[in-house]
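Visitor: The structure file entry17.txt (compact mmCIF, C-alpha atoms and all ligand atoms) is provided below.
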```
# COMPACT_ATOMS: atom_id res chain seq x y z
CA MET A 1 93.01 115.10 97.03
CA ARG A 2 96.09 114.76 94.89
CA PRO A 3 98.40 117.46 93.61
CA SER A 4 97.07 119.12 90.45
CA ALA A 5 98.96 118.47 87.23
CA GLN A 6 100.40 121.07 84.92
CA MET A 7 102.20 120.28 81.66
CA HIS A 8 105.03 122.55 80.65
CA PRO A 9 108.19 122.38 78.57
CA HIS A 10 111.10 120.82 80.32
CA GLY A 11 113.81 123.39 80.85
CA ARG A 12 116.64 121.35 82.28
CA GLY A 13 119.88 120.08 80.78
CA ASP A 14 119.67 117.43 78.12
CA ASN A 15 115.90 117.24 78.33
CA VAL A 16 115.27 120.69 76.91
CA GLY A 17 112.35 120.48 74.52
CA ALA A 18 110.76 117.47 76.17
CA THR A 19 107.50 117.90 78.05
CA MET A 20 107.24 117.09 81.70
CA THR A 21 104.32 117.10 84.05
CA SER A 22 104.67 119.03 87.26
CA TYR A 23 102.33 118.46 90.16
CA ILE A 24 101.54 121.48 92.25
CA ASP A 25 100.42 121.36 95.85
CA VAL A 26 101.27 123.19 99.04
CA VAL A 27 102.07 119.75 100.50
CA PHE A 28 105.47 120.05 98.80
CA ALA A 29 106.29 123.27 100.72
CA PRO A 30 108.77 121.60 103.14
CA ILE A 31 111.07 120.71 100.24
CA ASP A 32 110.13 122.95 97.32
CA ARG A 33 109.78 126.71 97.04
CA ASP A 34 107.46 126.86 94.00
CA LEU A 35 105.39 123.89 95.27
CA ALA A 36 105.75 122.07 91.91
CA LEU A 37 107.44 118.68 91.57
CA GLU A 38 107.87 116.34 88.63
CA ARG A 39 106.28 112.90 88.92
CA VAL A 40 108.80 110.14 88.23
CA ALA A 41 106.87 106.96 88.99
CA GLY A 42 103.84 105.41 90.61
CA GLY A 43 103.65 102.25 92.65
CA ASN A 44 100.94 100.07 94.08
CA GLU A 45 99.81 102.82 96.45
CA THR A 46 102.24 105.67 96.05
CA GLU A 47 102.89 108.58 93.71
CA VAL A 48 106.61 109.36 93.46
CA TYR A 49 107.93 112.87 92.68
CA ARG A 50 111.48 114.11 92.48
CA SER A 51 112.91 117.26 94.01
CA ASP A 52 114.02 119.97 91.59
CA ASP A 53 117.69 119.33 92.36
CA GLY A 54 117.20 115.62 91.56
CA ARG A 55 118.57 114.49 94.91
CA TYR A 56 115.40 113.27 96.60
CA VAL A 57 112.10 111.64 95.89
CA ALA A 58 108.96 112.69 97.73
CA LYS A 59 106.34 109.99 98.08
CA LEU A 60 102.65 110.50 98.73
CA LYS A 61 99.88 108.01 99.32
CA GLY A 62 96.46 109.40 98.41
CA GLU A 63 94.78 107.06 100.85
CA LEU A 64 96.74 108.19 103.89
CA GLY A 65 96.66 111.39 105.89
CA GLY A 66 93.81 113.17 107.61
CA SER A 67 93.93 115.05 110.87
CA LEU A 68 97.27 116.02 112.37
CA ASP A 69 96.97 113.30 115.02
CA ALA A 70 96.07 110.64 112.46
CA ALA A 71 98.95 111.61 110.16
CA LEU A 72 101.39 111.67 113.07
CA ALA A 73 100.33 108.17 114.14
CA GLN A 74 100.66 106.92 110.54
CA ALA A 75 104.10 108.50 110.16
CA ARG A 76 105.34 106.90 113.39
CA GLU A 77 104.05 103.50 112.33
CA MET A 78 105.59 103.82 108.87
CA ARG A 79 108.92 104.96 110.29
CA ALA A 80 109.06 102.08 112.77
CA ALA A 81 108.39 99.55 109.99
CA ALA A 82 110.91 101.17 107.63
CA ASP A 83 113.59 101.28 110.33
CA GLY A 84 113.05 97.58 111.01
CA PHE A 85 113.22 96.64 107.32
CA ALA A 86 116.30 98.79 106.72
CA ALA A 87 118.10 97.37 109.76
CA CYS A 88 117.35 93.81 108.65
CA LEU A 89 118.59 94.35 105.09
CA GLY A 90 121.64 96.36 106.14
CA PRO A 91 123.35 99.29 104.40
CA SER A 92 124.20 97.24 101.29
CA TYR A 93 120.54 96.96 100.34
CA ALA A 94 118.63 99.68 102.21
CA ILE A 95 118.17 103.41 101.70
CA PRO A 96 117.09 105.89 104.39
CA SER A 97 113.49 107.17 104.56
CA HIS A 98 112.49 110.41 106.31
CA TYR A 99 108.98 111.35 107.31
CA VAL A 100 107.56 114.86 107.17
CA LEU A 101 104.02 115.97 107.96
CA ALA A 102 102.65 118.60 105.57
CA ARG A 103 99.22 120.05 104.88
CA GLU A 104 97.73 119.58 101.40
CA ASN A 105 95.71 122.20 99.50
CA SER A 106 92.63 120.28 100.59
CA GLY A 107 93.51 120.86 104.27
CA ARG A 108 94.37 117.23 105.05
CA VAL A 109 97.66 116.56 106.74
CA GLN A 110 99.74 114.15 104.69
CA VAL A 111 102.77 111.99 105.38
CA LEU A 112 105.48 112.98 102.92
CA VAL A 113 108.17 110.29 102.68
CA LEU A 114 111.57 111.51 101.53
CA GLN A 115 114.30 109.26 100.19
CA PRO A 116 117.44 109.75 98.13
CA PHE A 117 116.54 109.62 94.42
CA LEU A 118 118.35 106.67 92.82
CA CYS A 119 118.40 108.36 89.44
CA ASP A 120 120.77 105.92 87.74
CA ALA A 121 119.22 102.79 89.24
CA ARG A 122 116.99 100.42 87.29
CA ALA A 123 114.16 98.43 88.78
CA LEU A 124 114.78 94.70 88.26
CA SER A 125 111.51 94.64 86.30
CA ALA A 126 113.14 96.87 83.67
CA LEU A 127 116.43 95.05 83.52
CA ASP A 128 117.70 93.34 80.39
CA TYR A 129 119.44 90.40 82.06
CA ARG A 130 121.00 89.30 78.76
CA ALA A 131 122.94 92.57 78.69
CA LEU A 132 124.72 91.65 81.95
CA THR A 133 127.98 89.71 81.86
CA PRO A 134 127.92 86.23 83.47
CA HIS A 135 130.00 87.69 86.31
CA GLU A 136 127.46 90.51 86.89
CA ARG A 137 124.60 88.05 86.75
CA ARG A 138 126.20 85.79 89.35
CA HIS A 139 126.86 88.75 91.62
CA LEU A 140 123.31 90.03 91.32
CA GLY A 141 122.01 86.52 92.01
CA ALA A 142 124.12 86.25 95.16
CA HIS A 143 122.77 89.62 96.38
CA LEU A 144 119.17 88.56 95.74
CA LEU A 145 119.67 85.32 97.66
CA THR A 146 121.12 87.30 100.58
CA ILE A 147 118.15 89.69 100.51
CA ILE A 148 115.71 86.76 100.61
CA ARG A 149 117.62 85.22 103.50
CA ARG A 150 117.55 88.47 105.49
CA ALA A 151 113.84 89.01 104.83
CA GLU A 152 113.14 85.45 105.97
CA ARG A 153 115.15 86.03 109.13
CA LEU A 154 113.16 89.18 109.90
CA TYR A 155 109.91 87.29 109.38
CA ARG A 156 110.97 84.60 111.82
CA THR A 157 111.76 87.16 114.53
CA THR A 158 108.99 89.76 113.98
CA GLY A 159 106.25 88.14 111.85
CA SER A 160 106.72 90.78 109.18
CA MET A 161 108.98 91.44 106.21
CA PRO A 162 109.34 93.97 103.43
CA ASP A 163 107.59 93.60 100.08
CA LEU A 164 110.45 92.66 97.80
CA TYR A 165 108.25 92.51 94.68
CA GLY A 166 105.90 95.46 94.14
CA ARG A 167 103.86 96.74 91.23
CA THR A 168 103.68 99.95 89.26
CA SER A 169 100.75 102.00 88.06
CA SER A 170 100.51 105.02 85.81
CA SER A 171 97.74 106.78 87.73
CA HIS A 172 95.18 106.64 90.52
CA ALA A 173 92.58 105.47 88.01
CA GLU A 174 94.75 102.52 86.99
CA ARG A 175 95.34 101.67 90.65
CA ARG A 176 91.59 101.62 91.26
CA ARG A 177 91.00 99.46 88.17
CA ASN A 178 93.68 97.00 89.29
CA ARG A 179 91.95 96.57 92.63
CA SER A 180 88.50 95.86 91.18
CA LEU A 181 87.03 92.39 91.61
CA ARG A 182 87.04 91.88 87.83
CA ASN A 183 90.80 92.11 87.86
CA LEU A 184 91.26 89.64 90.73
CA PRO A 185 92.15 86.62 88.53
CA ARG A 186 94.71 88.66 86.62
CA ARG A 187 96.13 90.00 89.89
CA LEU A 188 96.41 86.53 91.36
CA TRP A 189 98.08 85.21 88.21
CA SER A 190 100.56 88.06 88.31
CA PHE A 191 101.18 87.60 92.06
CA LEU A 192 101.61 83.83 91.93
CA VAL A 193 103.20 83.25 88.53
CA GLU A 194 104.49 86.29 86.68
CA ARG A 195 106.24 88.35 89.30
CA THR A 196 109.34 86.53 90.42
CA LEU A 197 111.96 88.51 92.30
CA LEU A 198 113.79 88.89 88.98
CA ARG A 199 110.94 91.18 87.86
CA SER A 200 110.74 93.18 91.08
CA HIS A 201 109.66 96.84 91.01
CA ASN A 202 110.78 97.44 94.58
CA LEU A 203 114.38 96.28 94.16
CA MET A 204 116.63 98.42 92.00
CA LEU A 205 120.07 97.66 90.59
CA THR A 206 122.38 100.61 91.21
CA ASN A 207 125.85 101.63 90.02
CA ASP A 208 127.00 102.08 93.60
CA PRO A 209 129.33 99.26 94.74
CA ALA A 210 128.51 100.08 98.38
CA ARG A 211 124.79 99.52 97.72
CA PRO A 212 124.55 97.35 94.60
CA VAL A 213 120.86 96.52 95.03
CA ALA A 214 118.47 98.85 96.84
CA LEU A 215 115.01 98.28 98.25
CA VAL A 216 112.98 101.47 97.68
CA ASP A 217 109.62 100.40 99.15
CA TYR A 218 109.36 100.21 102.95
CA ASP A 219 105.59 99.83 103.26
CA PHE A 220 104.23 97.30 105.68
CA VAL A 221 101.10 95.19 105.26
CA ARG A 222 98.11 97.13 106.67
CA ARG A 223 95.82 94.17 107.29
CA GLY A 224 94.60 91.94 110.09
CA ARG A 225 96.57 89.08 111.62
CA LEU A 226 94.97 86.26 109.66
CA TYR A 227 95.45 88.02 106.32
CA LYS A 228 99.10 88.64 107.17
CA ARG A 229 99.68 85.02 108.15
CA VAL A 230 98.33 83.73 104.85
CA TYR A 231 99.98 86.47 102.83
CA PHE A 232 103.43 85.88 104.31
CA LEU A 233 103.05 82.12 104.05
CA VAL A 234 102.44 82.47 100.31
CA ARG A 235 105.30 84.95 100.01
CA ARG A 236 107.66 82.54 101.75
CA LEU A 237 106.58 79.68 99.52
CA LEU A 238 107.22 81.90 96.51
CA PHE A 239 110.73 82.49 97.80
CA TYR A 240 111.45 78.80 97.06
CA ARG A 241 110.37 79.31 93.47
CA ASP A 242 112.44 82.49 93.29
CA ARG A 243 115.57 80.84 94.63
CA VAL A 244 115.30 78.29 91.81
CA ALA A 245 114.60 81.05 89.25
CA ILE A 246 117.60 83.06 90.47
CA ARG A 247 119.93 80.04 90.34
CA LEU A 248 118.73 79.06 86.87
CA ALA A 249 118.68 82.54 85.34
CA LEU A 250 121.71 84.04 87.03
CA GLY A 251 123.82 81.02 87.85
CA ALA A 252 124.17 82.12 91.48
N1 LIG B 1 114.18 106.38 96.00
C1 LIG B 1 113.83 106.08 94.75
N2 LIG B 1 114.67 106.33 93.72
C2 LIG B 1 114.30 106.02 92.45
N3 LIG B 1 113.11 105.48 92.09
C3 LIG B 1 112.24 105.21 93.08
C4 LIG B 1 112.55 105.49 94.45
N4 LIG B 1 111.50 105.11 95.19
C5 LIG B 1 110.58 104.62 94.34
N5 LIG B 1 111.02 104.67 93.05
C6 LIG B 1 110.27 104.19 91.87
O1 LIG B 1 108.89 104.39 92.12
C7 LIG B 1 108.19 103.14 92.12
C8 LIG B 1 107.08 103.18 93.18
O2 LIG B 1 107.61 103.45 94.47
P1 LIG B 1 107.21 102.56 95.74
O3 LIG B 1 107.79 103.17 96.96
O4 LIG B 1 107.56 101.14 95.46
O5 LIG B 1 105.62 102.73 95.75
P2 LIG B 1 104.49 101.69 96.22
O6 LIG B 1 104.59 101.62 97.70
O7 LIG B 1 103.21 102.29 95.78
O8 LIG B 1 104.78 100.38 95.55
C9 LIG B 1 109.25 102.10 92.38
O9 LIG B 1 108.88 100.84 91.84
C10 LIG B 1 110.47 102.69 91.68
O10 LIG B 1 110.43 102.42 90.29
MG MG B 2 106.48 99.40 95.38
```
For the structure just supplied, provide its representation as structure tokens.
Ligand SMILES: Nc1ncnc2c1ncn2[C@@H]1O[C@H](COP(=O)(O)OP(=O)(O)O)[C@@H](O)[C@H]1O
Ligand SMILES: [Mg+2]

Guide:
Amino acid sequence: MRPSAQMHPHGRGDNVGATMTSYIDVVFAPIDRDLALERVAGGNETEVYRSDDGRYVAKLKGELGGSLDAALAQAREMRAAADGFAACLGPSYAIPSHYVLARENSGRVQVLVLQPFLCDARALSALDYRALTPHERRHLGAHLLTIIRRAERLYRTTGSMPDLYGRTSSSHAERRRNRSLRNLPRRLWSFLVERTLLRSHNLMLTNDPARPVALVDYDFVRRGRLYKRVYFLVRRLLFYRDRVAIRLALGA
């Protein structure tokens, strides 16, 4: 089950008159009194909502959750992975994630992930690099090279690393379509060729000098050992391509 949608006029600040879509579900009870949150984005697996005060995002994965025990085990696993990724990247590139168990309307217990909402940040995928000054470009390039180096280091010590790339989707239906076999060639092309780190959805450029680039996605790969080996091998090879792309495009 996913929260049910309700369109209504936006009543806040400079957006008065615009229409927003609120999603209503008792799963939001731990952070929201009227149980209605606005959706701000959707990733590869996750729907992202923001709290009414605009300070936090609440993330839900339709495919997770279940019994209380199952959700608790999932939350612990997710928290351990996120803590490891955040520690490896350090405070300059990581944001905190908090895990809350909450029951949905459907009765399933879900893992609600809470993070600070980076409202002024832009995903690298949405960035107009030409609008940056050469100095800003060089700085961003240096940060991206550091992030790659830290992810590599984590892989060497733990056999895992965060997904620095990511994808977006506008709905569950689109997510399902993307995963169909018919879309496999397009997915592979996008994975291997189109999506360099410079077009990342998971890394966001912020206005905060203390955390200039932030990783927002702390999901780990939920697959068997062999899959992970191959997957991370390809990822690490793609890092070579990305280092070249970063040096060429950003002069880092
Ligand atoms: N803390 C956040 N602040 C602002 N935007 C966010 C935040 N977390 C996620 N987003 C936006 O939502 C998108 C999807 O979130 P993400 O956690 O990457 O989901 P998925 O695991 O499905 O890829 C991101 O690409 C980003 O654009
Ligand atoms: Mg993502």

Visitor: Restricting the calculation to all atoms listed in the file: of A:Leu60, A:Leu188, A:Ala210, A:Leu114, which residue gets closest to Ala94 in chain A?

Guide: A:Ala210

Visitor: Between A:Gly251, A:Pro3, A:Gly43, A:Gly159, which residue has the minimum interatomic distance to ligand MG 2 (chain B), considering all atoms listed in the file?

Guide: A:Gly43

Visitor: Check the smallest atom-to-atom distance from each of A:Lys61, A:Arg235, A:Arg229, A:Arg50 to ligand MG 2 (chain B) using all atoms listed in the file, then report the winner.

Guide: A:Lys61

Visitor: Given only C-alpha atoms as the basis, pick out the residue of A:Leu101, A:Ile147, A:Ala82, A:Ala173 nearest to Asp69 in chain A.

Guide: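 Under the stated criterion, the closest residue is A:Leu101.
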
Visitor: Ligand MG 2 (chain B): which residues are within 9 Å, counting all atoms listed in the file? Reply as a list of chain:residue names.

Guide: A:Gly42, A:Gly43, A:Asn44, A:Glu45, A:Thr46, A:Asp163, A:Leu164, A:Tyr165, A:Gly166, A:Arg167, A:Thr168, A:Ser200, A:His201, A:Asn202, A:Leu203, A:Val216, A:Asp217, A:Tyr218, A:Asp219

Visitor: When you draw a straight line from CA of Thr157 in chain A to CA of Thr196 in chain A, how long is it in Å?

Guide: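 Distance reported for this atom pair: 24.2 Å.
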
Visitor: Contacts of Val40 in chain A at 10 Å or less, counting only C-alpha atoms, minus same-chain residues fewer than 6 places along, as a list in words?

Guide: Met20, Thr21, Ser22, Glu47, Val48, Tyr49, Arg50, Val57, Ala58, Phe117 and Cys119 of chain A

Visitor: Give the padded box for ligand LIG 1 (chain B) as AutoDock Vina command-line options: axis-aligned, covering all atoms listed in the file, 5 Å on each side, centre and edge lengths in Å to one decimal.

Guide:
```
--center_x 108.9 --center_y 103.4 --center_z 94.0 --size_x 21.5 --size_y 16.0 --size_z 17.4
```

Visitor: Rank nothing, just name the residue among A:Glu136, A:Glu77, A:Asp52, A:Asp120 nearest to ligand LIG 1 (chain B), using all atoms listed in the file.

Guide: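 Nearest candidate to ligand LIG 1 (chain B) out of A:Glu136, A:Glu77, A:Asp52, A:Asp120: A:Asp120.
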
Visitor: For CA of Arg199 in chain A and CA of Leu124 in chain A, determine how far apart the two atoms are, in Å to one decimal place.

Guide: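 Result for CA of Arg199 in chain A versus CA of Leu124 in chain A: 5.2 Å, one decimal.
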
Visitor: Find the residue from A:Arg130, A:His135, A:Arg33, A:Arg150 that sits nearest to Ala86 in chain A; use all atoms listed in the file when measuring.

Guide: A:Arg150
